[in-house]
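Source file: query.txt. Holds: compact mmCIF, C-alpha atoms.
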# COMPACT_ATOMS: atom_id res chain seq x y z
CA MET O 217 19.27 -60.83 70.33
CA SER O 218 17.96 -63.24 72.93
CA GLN O 219 18.97 -66.86 72.38
CA GLU O 220 15.32 -67.90 72.75
CA PHE O 221 14.95 -68.08 68.96
CA LEU O 222 17.40 -71.01 68.89
CA GLU O 223 14.97 -73.24 70.79
CA ARG O 224 12.42 -75.41 68.97
CA ALA O 225 9.73 -74.02 71.27
CA TYR O 226 10.22 -70.62 69.64
CA ALA O 227 9.50 -72.08 66.18
CA GLU O 228 6.45 -73.84 67.58
CA GLU O 229 5.15 -70.53 68.90
CA LEU O 230 5.60 -68.95 65.48
CA ASP O 231 3.67 -71.81 63.87
CA ALA O 232 0.86 -71.46 66.42
CA ALA O 233 0.55 -67.73 65.61
CA ASP O 234 0.76 -68.19 61.82
CA PRO O 235 -2.51 -67.08 60.12
CA LEU O 236 -1.60 -69.05 56.98
CA ALA O 237 -0.93 -72.32 58.83
CA PRO O 238 -4.33 -73.87 57.91
CA PHE O 239 -3.43 -73.74 54.20
CA ARG O 240 -0.87 -76.51 54.70
CA GLU O 241 -3.71 -78.96 55.27
CA ARG O 242 -4.96 -78.20 51.78
CA PHE O 243 -1.96 -79.85 50.14
CA ALA O 244 -1.30 -83.54 49.52
CA LEU O 245 1.71 -83.85 51.81
CA GLN O 246 1.35 -87.50 52.69
CA ASP O 247 4.61 -88.13 54.59
CA PRO O 248 4.37 -86.53 58.05
CA SER O 249 8.13 -86.90 58.59
CA LEU O 250 9.07 -85.03 55.41
CA VAL O 251 10.59 -81.55 55.65
CA TYR O 252 10.12 -80.16 52.15
CA LEU O 253 12.05 -76.95 51.48
CA ASN O 254 12.24 -77.21 47.70
CA GLY O 255 8.96 -75.68 46.60
CA ASN O 256 10.93 -73.15 44.57
CA SER O 257 11.79 -76.08 42.28
CA LEU O 258 8.54 -78.04 42.40
CA GLY O 259 5.55 -77.20 44.55
CA PRO O 260 3.42 -79.91 46.16
CA PRO O 261 -0.06 -80.65 44.77
CA PRO O 262 -3.06 -78.86 46.26
CA LEU O 263 -5.94 -81.14 47.13
CA ALA O 264 -8.25 -78.93 45.06
CA THR O 265 -6.04 -79.58 42.06
CA LEU O 266 -6.29 -83.33 42.52
CA ARG O 267 -10.07 -83.02 42.59
CA ARG O 268 -9.99 -80.82 39.50
CA MET O 269 -7.84 -83.37 37.69
CA GLU O 270 -10.35 -86.09 38.49
CA ALA O 271 -13.13 -83.95 37.03
CA VAL O 272 -11.19 -82.95 33.92
CA ILE O 273 -10.07 -86.50 33.17
CA GLY O 274 -13.08 -88.46 34.38
CA GLN O 275 -15.93 -86.20 33.30
CA GLU O 276 -14.80 -83.51 30.87
CA TRP O 277 -12.58 -85.87 28.90
CA GLY O 278 -13.98 -89.26 29.90
CA VAL O 279 -17.66 -88.45 29.42
CA ALA O 280 -18.04 -85.28 27.38
CA LEU O 281 -14.99 -85.96 25.18
CA ALA O 282 -14.61 -83.44 22.34
CA ARG O 283 -17.72 -81.57 23.45
CA SER O 284 -15.65 -80.14 26.30
CA TRP O 285 -13.79 -77.96 23.84
CA ASP O 286 -16.76 -75.60 24.11
CA HIS O 287 -15.29 -74.43 27.43
CA TRP O 288 -11.73 -75.72 27.13
CA VAL O 289 -10.94 -73.35 24.28
CA ASP O 290 -11.07 -70.31 26.57
CA LEU O 291 -9.20 -71.93 29.48
CA PRO O 292 -5.73 -70.48 28.67
CA GLY O 293 -7.18 -66.98 28.93
CA ARG O 294 -9.18 -67.68 32.09
CA ALA O 295 -6.18 -69.22 33.82
CA GLY O 296 -4.10 -66.35 32.50
CA ASP O 297 -6.36 -63.80 34.14
CA ALA O 298 -5.92 -65.63 37.48
CA ILE O 299 -2.14 -65.43 37.07
CA GLY O 300 -2.58 -61.82 36.03
CA GLU O 301 -4.34 -61.05 39.29
CA LEU O 302 -1.34 -62.53 41.13
CA THR O 303 1.10 -60.43 39.12
CA GLY O 304 -0.64 -57.07 39.03
CA ALA O 305 -1.93 -57.37 35.46
CA ALA O 306 -5.42 -56.29 34.43
CA PRO O 307 -7.51 -58.94 32.65
CA GLY O 308 -6.72 -59.77 29.05
CA GLN O 309 -2.92 -59.46 29.26
CA VAL O 310 -1.78 -62.89 30.50
CA LEU O 311 -2.07 -66.23 28.71
CA VAL O 312 -1.22 -69.70 30.01
CA THR O 313 0.52 -71.49 27.16
CA ASP O 314 3.60 -73.45 26.08
CA ASN O 315 6.64 -73.45 28.40
CA THR O 316 8.92 -70.71 29.62
CA THR O 317 11.56 -71.31 26.96
CA VAL O 318 9.09 -71.13 24.08
CA ASN O 319 7.43 -68.06 25.55
CA LEU O 320 10.79 -66.32 25.94
CA TYR O 321 11.55 -67.06 22.29
CA LYS O 322 8.18 -65.78 21.10
CA LEU O 323 8.28 -62.55 23.05
CA ALA O 324 11.95 -61.80 22.42
CA CYS O 325 11.54 -62.24 18.66
CA ALA O 326 8.40 -60.11 18.68
CA ALA O 327 10.23 -57.41 20.62
CA LEU O 328 13.15 -57.34 18.17
CA ASP O 329 10.75 -57.03 15.25
CA ALA O 330 9.07 -54.10 17.02
CA ARG O 331 12.42 -52.29 17.36
CA PRO O 332 13.93 -52.46 13.86
CA GLY O 333 17.42 -51.05 13.47
CA ARG O 334 18.33 -51.82 17.08
CA PRO O 335 20.79 -54.74 17.00
CA VAL O 336 21.36 -55.35 20.75
CA ILE O 337 19.79 -57.65 23.35
CA VAL O 338 20.84 -57.12 26.98
CA THR O 339 20.79 -59.85 29.62
CA ASP O 340 23.02 -60.76 32.57
CA GLN O 341 25.55 -63.51 33.22
CA ASP O 342 23.65 -64.93 36.20
CA ASN O 343 20.28 -65.07 34.47
CA PHE O 344 18.66 -68.50 34.48
CA PRO O 345 20.34 -70.75 31.87
CA THR O 346 17.30 -71.15 29.62
CA ASP O 347 16.96 -67.35 29.41
CA ARG O 348 20.59 -66.95 28.42
CA TYR O 349 20.45 -69.83 25.95
CA VAL O 350 17.32 -68.49 24.24
CA MET O 351 18.82 -65.02 23.88
CA GLU O 352 22.10 -66.48 22.64
CA GLY O 353 20.25 -68.53 20.04
CA ILE O 354 18.19 -65.57 18.82
CA ALA O 355 21.32 -63.42 18.59
CA ALA O 356 23.02 -66.10 16.48
CA GLN O 357 20.00 -66.54 14.23
CA ARG O 358 19.50 -62.84 13.62
CA GLY O 359 23.08 -61.66 13.66
CA VAL O 360 22.54 -59.25 16.54
CA GLU O 361 24.69 -58.57 19.60
CA LEU O 362 23.99 -60.21 22.93
CA ARG O 363 25.32 -57.84 25.57
CA VAL O 364 25.84 -59.73 28.85
CA LEU O 365 25.98 -57.76 32.09
CA SER O 366 28.10 -58.74 35.03
CA ALA O 367 25.98 -59.40 38.12
CA ASP O 368 26.84 -60.10 41.72
CA ILE O 369 25.91 -63.76 42.13
CA ASN O 370 24.71 -63.12 45.69
CA GLU O 371 23.39 -59.57 45.67
CA GLY O 372 21.83 -59.61 42.20
CA LEU O 373 21.40 -56.90 39.60
CA ASP O 374 22.52 -53.32 40.14
CA PRO O 375 20.31 -50.89 38.18
CA ALA O 376 23.41 -48.80 37.52
CA GLU O 377 24.94 -51.72 35.59
CA VAL O 378 21.81 -51.92 33.46
CA ARG O 379 21.88 -48.17 32.84
CA ALA O 380 25.50 -48.40 31.67
CA ALA O 381 24.70 -51.24 29.25
CA VAL O 382 21.62 -49.94 27.42
CA ASP O 383 21.77 -47.34 24.68
CA GLU O 384 20.08 -46.30 21.44
CA ASP O 385 21.06 -49.65 19.87
CA THR O 386 19.24 -51.72 22.50
CA ALA O 387 16.04 -53.40 21.35
CA LEU O 388 15.37 -55.63 24.36
CA VAL O 389 16.42 -56.03 27.98
CA SER O 390 15.67 -59.53 29.33
CA LEU O 391 16.24 -60.23 33.04
CA SER O 392 14.93 -62.32 35.94
CA HIS O 393 12.99 -60.61 38.71
CA VAL O 394 14.34 -63.01 41.39
CA ALA O 395 17.79 -64.55 40.95
CA TYR O 396 17.54 -68.32 40.85
CA ARG O 397 20.69 -68.97 42.88
CA SER O 398 20.60 -66.33 45.57
CA GLY O 399 16.98 -65.20 45.70
CA ALA O 400 18.08 -61.58 45.14
CA LEU O 401 15.11 -59.42 44.12
CA ALA O 402 15.63 -56.94 41.28
CA ASP O 403 14.11 -53.45 41.29
CA MET O 404 11.51 -54.03 38.59
CA ALA O 405 10.23 -50.46 38.40
CA ALA O 406 13.66 -48.81 38.25
CA ILE O 407 15.15 -51.23 35.71
CA THR O 408 12.06 -51.10 33.47
CA GLU O 409 12.27 -47.31 33.47
CA ILE O 410 15.95 -47.48 32.52
CA ALA O 411 15.11 -49.69 29.54
CA HIS O 412 12.31 -47.37 28.46
CA GLN O 413 14.52 -44.29 28.70
CA ALA O 414 16.77 -45.94 26.13
CA GLY O 415 13.79 -46.79 23.91
CA ALA O 416 14.11 -50.55 24.55
CA LEU O 417 11.44 -53.06 25.51
CA MET O 418 11.64 -54.86 28.86
CA LEU O 419 11.09 -58.62 29.29
CA TRP O 420 10.96 -60.03 32.83
CA ASP O 421 11.22 -63.68 33.88
CA LEU O 422 8.90 -64.25 36.87
CA CYS O 423 9.62 -67.94 37.46
CA HIS O 424 10.89 -67.38 41.01
CA SER O 425 8.55 -64.44 41.64
CA VAL O 426 4.94 -65.43 41.04
CA GLY O 427 3.48 -66.73 44.28
CA ALA O 428 6.59 -65.75 46.24
CA VAL O 429 6.80 -61.96 46.06
CA PRO O 430 4.31 -59.25 45.08
CA VAL O 431 4.55 -58.35 41.39
CA GLU O 432 3.04 -55.23 39.81
CA LEU O 433 3.43 -55.63 36.06
CA ASP O 434 0.99 -52.87 35.12
CA GLY O 435 2.16 -50.63 37.95
CA CYS O 436 5.79 -50.94 36.85
CA ASP O 437 4.86 -50.28 33.19
CA VAL O 438 6.38 -53.61 32.16
CA ASP O 439 6.18 -54.51 28.49
CA LEU O 440 6.57 -58.28 28.51
CA ALA O 441 6.94 -61.11 31.03
CA VAL O 442 7.06 -64.89 31.22
CA GLY O 443 6.98 -67.37 34.06
CA CYS O 444 6.55 -71.01 34.99
CA THR O 445 3.82 -72.45 37.20
CA TYR O 446 5.32 -75.61 38.70
CA LYS O 447 7.12 -73.76 41.51
CA TYR O 448 5.09 -71.56 43.85
CA VAL O 449 1.88 -71.87 41.78
CA ASN O 450 1.96 -75.63 42.48
CA ALA O 451 0.60 -76.66 39.08
CA GLY O 452 2.74 -79.79 38.75
CA PRO O 453 5.79 -80.98 36.80
CA GLY O 454 5.76 -79.77 33.22
CA ALA O 455 2.73 -77.54 33.78
CA PRO O 456 2.24 -74.85 31.16
CA ALA O 457 3.97 -71.52 31.59
CA PHE O 458 2.47 -68.06 31.08
CA LEU O 459 3.27 -64.91 29.19
CA TYR O 460 2.27 -61.29 29.71
CA VAL O 461 1.95 -58.67 27.00
CA ALA O 462 1.01 -55.14 28.06
CA ALA O 463 -2.29 -54.02 26.56
CA ARG O 464 -0.59 -51.23 24.65
CA LEU O 465 1.52 -53.81 22.78
CA ARG O 466 -1.04 -56.54 22.05
CA ASP O 467 -1.92 -55.20 18.62
CA VAL O 468 1.62 -54.07 17.82
CA LEU O 469 3.60 -57.26 18.34
CA ARG O 470 3.51 -60.27 16.07
CA GLN O 471 4.90 -63.47 17.48
CA PRO O 472 7.00 -65.79 15.30
CA ILE O 473 5.50 -69.24 15.91
CA TRP O 474 2.34 -69.39 13.85
CA GLY O 475 0.05 -72.18 15.00
CA TRP O 476 -3.57 -72.97 14.44
CA PHE O 477 -4.61 -71.76 17.90
CA SER O 478 -3.27 -68.29 17.08
CA GLN O 479 -5.08 -68.17 13.75
CA ARG O 480 -7.94 -65.66 13.55
CA ASP O 481 -10.51 -68.22 12.38
CA GLN O 482 -8.86 -71.47 13.35
CA PHE O 483 -11.68 -73.80 12.35
CA ALA O 484 -11.94 -72.34 8.86
CA MET O 485 -8.72 -74.25 8.16
CA GLY O 486 -7.80 -71.60 5.61
CA PRO O 487 -4.80 -71.65 3.29
CA ARG O 488 -3.11 -68.60 4.81
CA TYR O 489 -2.28 -67.47 8.32
CA THR O 490 -3.93 -64.39 9.77
CA PRO O 491 -3.14 -63.77 13.44
CA ALA O 492 -5.96 -63.61 15.93
CA SER O 493 -6.64 -60.39 17.76
CA GLY O 494 -5.73 -59.73 21.37
CA MET O 495 -3.81 -62.25 23.45
CA ALA O 496 -4.94 -65.20 21.33
CA LYS O 497 -2.27 -64.31 18.78
CA PHE O 498 0.35 -65.46 21.31
CA MET O 499 -0.96 -69.03 21.35
CA THR O 500 0.71 -71.68 19.19
CA GLY O 501 -0.75 -75.19 18.98
CA THR O 502 -3.34 -77.09 20.98
CA PRO O 503 -2.99 -76.20 24.68
CA SER O 504 -2.49 -78.67 27.52
CA ILE O 505 -5.93 -78.71 29.11
CA VAL O 506 -5.08 -80.83 32.14
CA GLY O 507 -2.01 -78.72 32.91
CA THR O 508 -3.79 -75.42 32.35
CA ALA O 509 -6.61 -76.46 34.69
CA ALA O 510 -3.97 -77.19 37.34
CA VAL O 511 -2.55 -73.68 36.84
CA GLU O 512 -5.98 -72.16 37.39
CA GLU O 513 -6.51 -74.13 40.62
CA GLY O 514 -3.06 -73.25 41.95
CA ALA O 515 -3.57 -69.57 41.21
CA ARG O 516 -6.98 -69.58 42.90
CA LEU O 517 -5.47 -71.00 46.08
CA LEU O 518 -2.74 -68.35 46.15
CA LEU O 519 -5.28 -65.60 45.56
CA GLU O 520 -7.36 -66.90 48.45
CA ALA O 521 -4.34 -66.66 50.75
CA GLY O 522 -3.48 -63.23 49.37
CA PRO O 523 -0.15 -61.87 48.07
CA GLY O 524 0.22 -59.55 51.06
CA PRO O 525 -0.09 -62.20 53.79
CA MET O 526 2.07 -64.61 51.79
CA ARG O 527 4.82 -62.02 51.42
CA ALA O 528 4.66 -61.16 55.12
CA LYS O 529 5.12 -64.81 56.08
CA SER O 530 7.83 -65.32 53.45
CA LEU O 531 9.85 -62.45 54.91
CA GLN O 532 9.38 -63.86 58.40
CA LEU O 533 10.45 -67.35 57.29
CA THR O 534 13.53 -66.20 55.39
CA GLY O 535 14.50 -63.79 58.16
CA TYR O 536 14.19 -66.54 60.76
CA LEU O 537 16.31 -68.88 58.65
CA ILE O 538 19.02 -66.23 58.29
CA ASP O 539 19.01 -65.63 62.06
CA LEU O 540 19.48 -69.36 62.64
CA GLY O 541 22.17 -69.45 59.97
CA ASP O 542 24.04 -66.63 61.67
CA ALA O 543 24.11 -68.65 64.88
CA TRP O 544 24.56 -72.18 63.56
CA LEU O 545 25.97 -72.15 60.01
CA GLU O 546 28.26 -69.16 59.59
CA PRO O 547 30.53 -70.16 62.53
CA LEU O 548 31.08 -73.46 60.70
CA GLY O 549 32.29 -71.88 57.47
CA CYS O 550 29.03 -71.23 55.64
CA ALA O 551 28.51 -67.84 53.99
CA LEU O 552 25.11 -66.31 53.40
CA ALA O 553 24.56 -66.00 49.63
CA THR O 554 21.26 -64.10 49.78
CA PRO O 555 20.61 -60.40 50.53
CA ARG O 556 20.03 -59.72 54.23
CA ASP O 557 17.68 -56.85 53.41
CA GLY O 558 14.20 -58.39 53.23
CA GLY O 559 13.18 -55.87 50.60
CA ARG O 560 15.86 -57.27 48.32
CA ARG O 561 15.19 -61.00 48.58
CA GLY O 562 12.59 -63.38 47.23
CA GLY O 563 11.33 -66.62 48.73
CA HIS O 564 14.50 -68.70 49.05
CA VAL O 565 17.78 -68.45 50.95
CA SER O 566 21.17 -69.84 49.88
CA TYR O 567 24.41 -70.57 51.71
CA CYS O 568 27.85 -71.21 50.27
CA HIS O 569 29.96 -74.09 51.54
CA PRO O 570 32.68 -76.15 49.81
CA GLN O 571 30.68 -79.33 50.52
CA ALA O 572 27.30 -77.88 49.56
CA GLU O 573 26.34 -80.72 47.22
CA GLN O 574 27.14 -83.32 49.87
CA ILE O 575 25.22 -81.38 52.52
CA VAL O 576 22.12 -81.45 50.32
CA ALA O 577 22.52 -85.20 49.81
CA ARG O 578 22.90 -85.87 53.53
CA LEU O 579 19.85 -83.72 54.30
CA ALA O 580 17.91 -85.80 51.79
CA ASP O 581 19.02 -88.95 53.64
CA ALA O 582 17.29 -87.45 56.70
CA ASN O 583 14.09 -86.79 54.66
CA ILE O 584 14.84 -83.07 54.45
CA VAL O 585 14.56 -81.92 50.84
CA THR O 586 16.55 -78.84 49.81
CA ASP O 587 18.62 -78.37 46.66
CA TYR O 588 22.09 -77.60 45.34
CA ARG O 589 23.17 -74.95 42.86
CA THR O 590 26.59 -74.49 41.35
CA PRO O 591 29.23 -73.65 42.19
CA ASP O 592 29.04 -74.17 45.97
CA ARG O 593 25.65 -73.35 47.45
CA PHE O 594 22.76 -75.12 49.08
CA ARG O 595 19.34 -73.54 48.80
CA PHE O 596 16.32 -73.51 51.12
CA GLY O 597 13.04 -72.80 49.32
CA LEU O 598 10.30 -71.60 51.69
CA PRO O 599 6.83 -71.46 50.07
CA PRO O 600 4.68 -69.66 52.64
CA LEU O 601 1.59 -71.88 52.34
CA THR O 602 3.36 -75.16 53.11
CA THR O 603 6.47 -74.21 55.12
CA ARG O 604 6.38 -74.31 58.90
CA PHE O 605 8.81 -72.48 61.15
CA THR O 606 9.59 -75.82 62.76
CA ASP O 607 10.61 -77.08 59.28
CA VAL O 608 13.14 -74.25 59.09
CA TRP O 609 14.44 -75.01 62.60
CA THR O 610 14.79 -78.71 61.78
CA ALA O 611 16.53 -78.18 58.43
CA VAL O 612 19.04 -75.58 59.60
CA GLY O 613 19.82 -77.64 62.71
CA ALA O 614 20.36 -80.75 60.59
CA ALA O 615 22.69 -78.85 58.24
CA ARG O 616 24.65 -77.62 61.26
CA ASP O 617 25.04 -81.17 62.57
CA ILE O 618 26.22 -82.49 59.18
CA ILE O 619 28.86 -79.78 58.87
CA GLU O 620 29.94 -79.92 62.49
CA GLN O 621 30.40 -83.69 62.32
CA LYS O 622 31.78 -83.61 58.77
CA ARG O 623 29.26 -86.22 57.63
CA TYR O 624 29.77 -85.55 53.95
CA GLY O 625 30.08 -89.11 52.68
CA ARG O 626 27.15 -91.43 52.05
CA HIS O 627 27.93 -93.36 55.22
CA GLY O 628 29.73 -90.56 57.02
Please rewrite the model in this file as C-alpha cells.
Amino acid sequence: MSQEFLERAYAEELDAADPLAPFRERFALQDPSLVYLNGNSLGPPPLATLRRMEAVIGQEWGVALARSWDHWVDLPGRAGDAIGELTGAAPGQVLVTDNTTVNLYKLACAALDARPGRPVIVTDQDNFPTDRYVMEGIAAQRGVELRVLSADINEGLDPAEVRAAVDEDTALVSLSHVAYRSGALADMAAITEIAHQAGALMLWDLCHSVGAVPVELDGCDVDLAVGCTYKYVNAGPGAPAFLYVAARLRDVLRQPIWGWFSQRDQFAMGPRYTPASGMAKFMTGTPSIVGTAAVEEGARLLLEAGPGPMRAKSLQLTGYLIDLGDAWLEPLGCALATPRDGGRRGGHVSYCHPQAEQIVARLADANIVTDYRTPDRFRFGLPPLTTRFTDVWTAVGAARDIIEQKRYGRHG
C-alpha cells in the first residue's frame, strides 16, 4: 500500500469526497477543537432535537399542559415505528419505552413463560454486563439454568458455539448483535435460525447496532430485540430504550410488569388488570415524553441519511483507522482487538495495550475523546454522521505519540 494514506492531506481528500459530510453541521458540536470519537457511548445532540425539545417543553408542556396527552399518548408507538424502519421491522412491532435493562427483563420473562418446561437461558460471557446481570437475576428468581457460552473477546460469537449450547431444554437465547468491547458483529440470521431449530426464542440486544450497522429484524425472523437510543440514535443521556416483538408473538406473549399504560382501558381505572392488545401491552408506566420525542428526532435524522450510506462510510472510517493502526500503533505494541473483516465489525474499533486506560486519559487531555474498556483496550467510536476522516487521523496520530513518548502519567 502506498504511504500516501499516512498524510493528513489524504484524510482531507476523503472528507472532501464524503457525501455525508454536510450532516455534521446539523449537530450541536460547539467546540471546533474537539475530536469526539465516543459516539458509541453517547451521541451528540442534533440541532433538530434541540428545537423539538424547545417545542415540547415550551409549547406542548408549557402552554397546552395536560391537553398535549391527546397526541403524547401515541408517541411511544410513533417513535417506535421510526426505530423499526431503521432496524428492518414493519410498523407496529417496535415501542420506545423504559430502559434497556427493564426491557430485557420484560421480554426475557415473557419468553420463558411462552416456553414452559424449558429450564435453560443461553447467553455469552462477553455479553454486555446489564444483559448478563438481568439473565442471572431471572435464573435465580425462577430456578432455571443460565448457560454461559465462551466467546472470543476480540472476534465475537461463533455460531458453532451457539449450536453446541442450545438443545430441547433451551427456552431463550439472549445475545448482543455487536460486541461492546471489540465491535465484532454477530451473524444474526444464522444464530437466530440455530435458536429456532432448537425450539427456543431469540432475543437480540441492538444497543451498538442501531444507527451503526444495517439490521433486518423481520428479514432474519427475529423474535425479540431491545436497544438503547443514546448512542448512535443521539437521543441524549438517559433517553428511553426500545423493544421489538415480532408480529407473530404480540398476542402470545404476556409481559410481567403490569402498569397502567399497558392496561386495556387505562382511564377506566378498573380494579383488575387486563393487558392491552398489540404492542401497547409492553408498556409499563407513564412514558418519558421529552426523551421519546428526542428518540423520534434522532431516528428521523438517521433515516434521512440512510442506513446504506451510513454503513458504507462506517466501513470506510473503520478500515482507514485500522490501516493507520497497522502503520502507527501495532509497531508500538498495540494489538487490534476488532475483526479486520469489514463484514464482521460494527461501528467502533478497539486496540489492546497495557497502558490503555492512561492512553485514553492523555487523549482526553488533548481534547480527543475516546474510551477505555477492561481489561486493556482503548476504543474509537466512529458515528458516520459526525466523524471526519481527519478526526481519525488526528486521534490515531495522537495515540501513537503518547505511546512512543511513554506519556502515560498526568504530567508525562
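In this structure, CA of Arg556 in chain O sits 18.8 Å away from CA of Met526 in chain O.
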Per residue of range 229-323 of chain O within 12 Å of range 392-411 of chain O, record the nearest atom pair and its distance in Å to one decimal, counting all atoms listed in the file, with rows in chain order and ascending residue number, as a Markdown table.
| residue | atom | partner | partner_atom | distance |
| --- | --- | --- | --- | --- |
| O:Asn256 | CA | O:Tyr396 | CA | 9.0 |
| O:Ser257 | CA | O:Tyr396 | CA | 9.8 |
| O:Thr303 | CA | O:His393 | CA | 11.9 |
| O:Leu320 | CA | O:Ser392 | CA | 11.5 |
* Pick from O:Ala528, O:Ile618, O:Ile538, O:Met495, whichever lies nearest to Gln571 in chain O using all atoms listed in the file ->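 Ranking O:Ala528, O:Ile618, O:Ile538, O:Met495 by distance to Gln571 in chain O, first place goes to O:Ile618.
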* To do: Counting all atoms listed in the file, figure out which residue out of O:Arg578, O:Lys529, O:Arg589, O:His569 gets nearest to Leu236 in chain O.
  => O:Lys529
Using the file's own x, y and z axes, what box holds all listed atoms of range 389-392 of chain O with 8 Å on each side, keeping edges along x, y and z, and what are its centre and edge lengths in Å to one decimal, as JSON?
{"center_x": 15.7, "center_y": -59.2, "center_z": 32.0, "size_x": 17.5, "size_y": 22.3, "size_z": 24.0}
* **Residues near Leu548 in chain O, cut-off 10 Å, all atoms listed in the file, skip fewer than 3 positions along chain, as a VMD selection string** => chain O and resid 541 to 545 551 569 616 to 617 619 to 620
* With only C-alpha atoms counted, which protein, DNA or RNA residues have an atom no more than 12 Å from (13.1, -65.0, 52.4) in the file frame? Please answer as a ChimeraX atom specification. => /O:256,394,398-401,424-425,428-429,526-539,553-566,595-600,603,608
* Asked: Using all atoms listed in the file, which residues sit within 12 Å of Ala237 in chain O once same-chain residues fewer than 5 positions away are excluded, as number ranges by chain?
  -> O: 228-232, 242-243, 521, 525-526, 529, 599-606
* Hey, can you check how far CA of Leu391 in chain O sits from CA of Asn343 in chain O? ->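 Going from CA of Leu391 in chain O over to CA of Asn343 in chain O, I get 6.5 Å.
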Could you build a table of the residues in range 221-252 of chain O lying no more than 10 Å from range 260-264 of chain O, giving for each the nearest pair of atoms and their separation in Å rounded to one decimal place, using all atoms listed in the file, ordered by chain and ascending residue number, as a Markdown table?
| residue | atom | partner | partner_atom | distance |
| --- | --- | --- | --- | --- |
| O:Phe239 | CA | O:Pro262 | CA | 9.5 |
| O:Arg240 | CA | O:Pro262 | CA | 9.0 |
| O:Glu241 | CA | O:Leu263 | CA | 8.7 |
| O:Arg242 | CA | O:Leu263 | CA | 5.6 |
| O:Phe243 | CA | O:Pro262 | CA | 4.2 |
| O:Ala244 | CA | O:Pro261 | CA | 5.7 |
| O:Leu245 | CA | O:Pro260 | CA | 7.1 |
| O:Tyr252 | CA | O:Pro260 | CA | 9.0 |
Write the residues of the preceding selection, restricted to C-alpha atoms, as a PDB file, keeping the file's coordinate frame.
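Result went into result.pdb, see below:
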ATOM      1  CA  PHE O 239      -3.430 -73.740  54.200  1.00  0.00           C
ATOM      2  CA  ARG O 240      -0.870 -76.510  54.700  1.00  0.00           C
ATOM      3  CA  GLU O 241      -3.710 -78.960  55.270  1.00  0.00           C
ATOM      4  CA  ARG O 242      -4.960 -78.200  51.780  1.00  0.00           C
ATOM      5  CA  PHE O 243      -1.960 -79.850  50.140  1.00  0.00           C
ATOM      6  CA  ALA O 244      -1.300 -83.540  49.520  1.00  0.00           C
ATOM      7  CA  LEU O 245       1.710 -83.850  51.810  1.00  0.00           C
ATOM      8  CA  TYR O 252      10.120 -80.160  52.150  1.00  0.00           C
TER       9      TYR O 252
END
* Asked: Of the candidates O:Ala614, O:Leu388, O:Gln341, O:Thr346, which shows the shortest atom-to-atom distance to Glu361 in chain O, using only C-alpha atoms?
  ->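 Nearest candidate to Glu361 in chain O out of O:Ala614, O:Leu388, O:Gln341, O:Thr346: O:Leu388.
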* Asked: Quick one: of O:Ala233, O:Ala376, O:Leu266, O:Leu517, who's nearest to Ile299 in chain O, counting all atoms listed in the file?
  ->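 The answer is O:Leu517, which sits nearest to Ile299 in chain O.
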* **Long-range neighbours of range 444-459 of chain O as a list in words, 7 Å cut-off, only C-alpha atoms, 3 positions minimum in chain** =>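 So, after excluding close chain neighbours, the residues are Gly255, Asn256, Ser257, Leu258, Gly259, Pro260, Pro261, Gly296, Val310, Leu311, Val312, Thr313, Asp314, Asn315, Thr316, Asn319, Cys423, Val426, Gly427, Ala428, Ala441, Gly507, Thr508, Ala510, Val511, Gly514, Ala515 and Pro599 of chain O.
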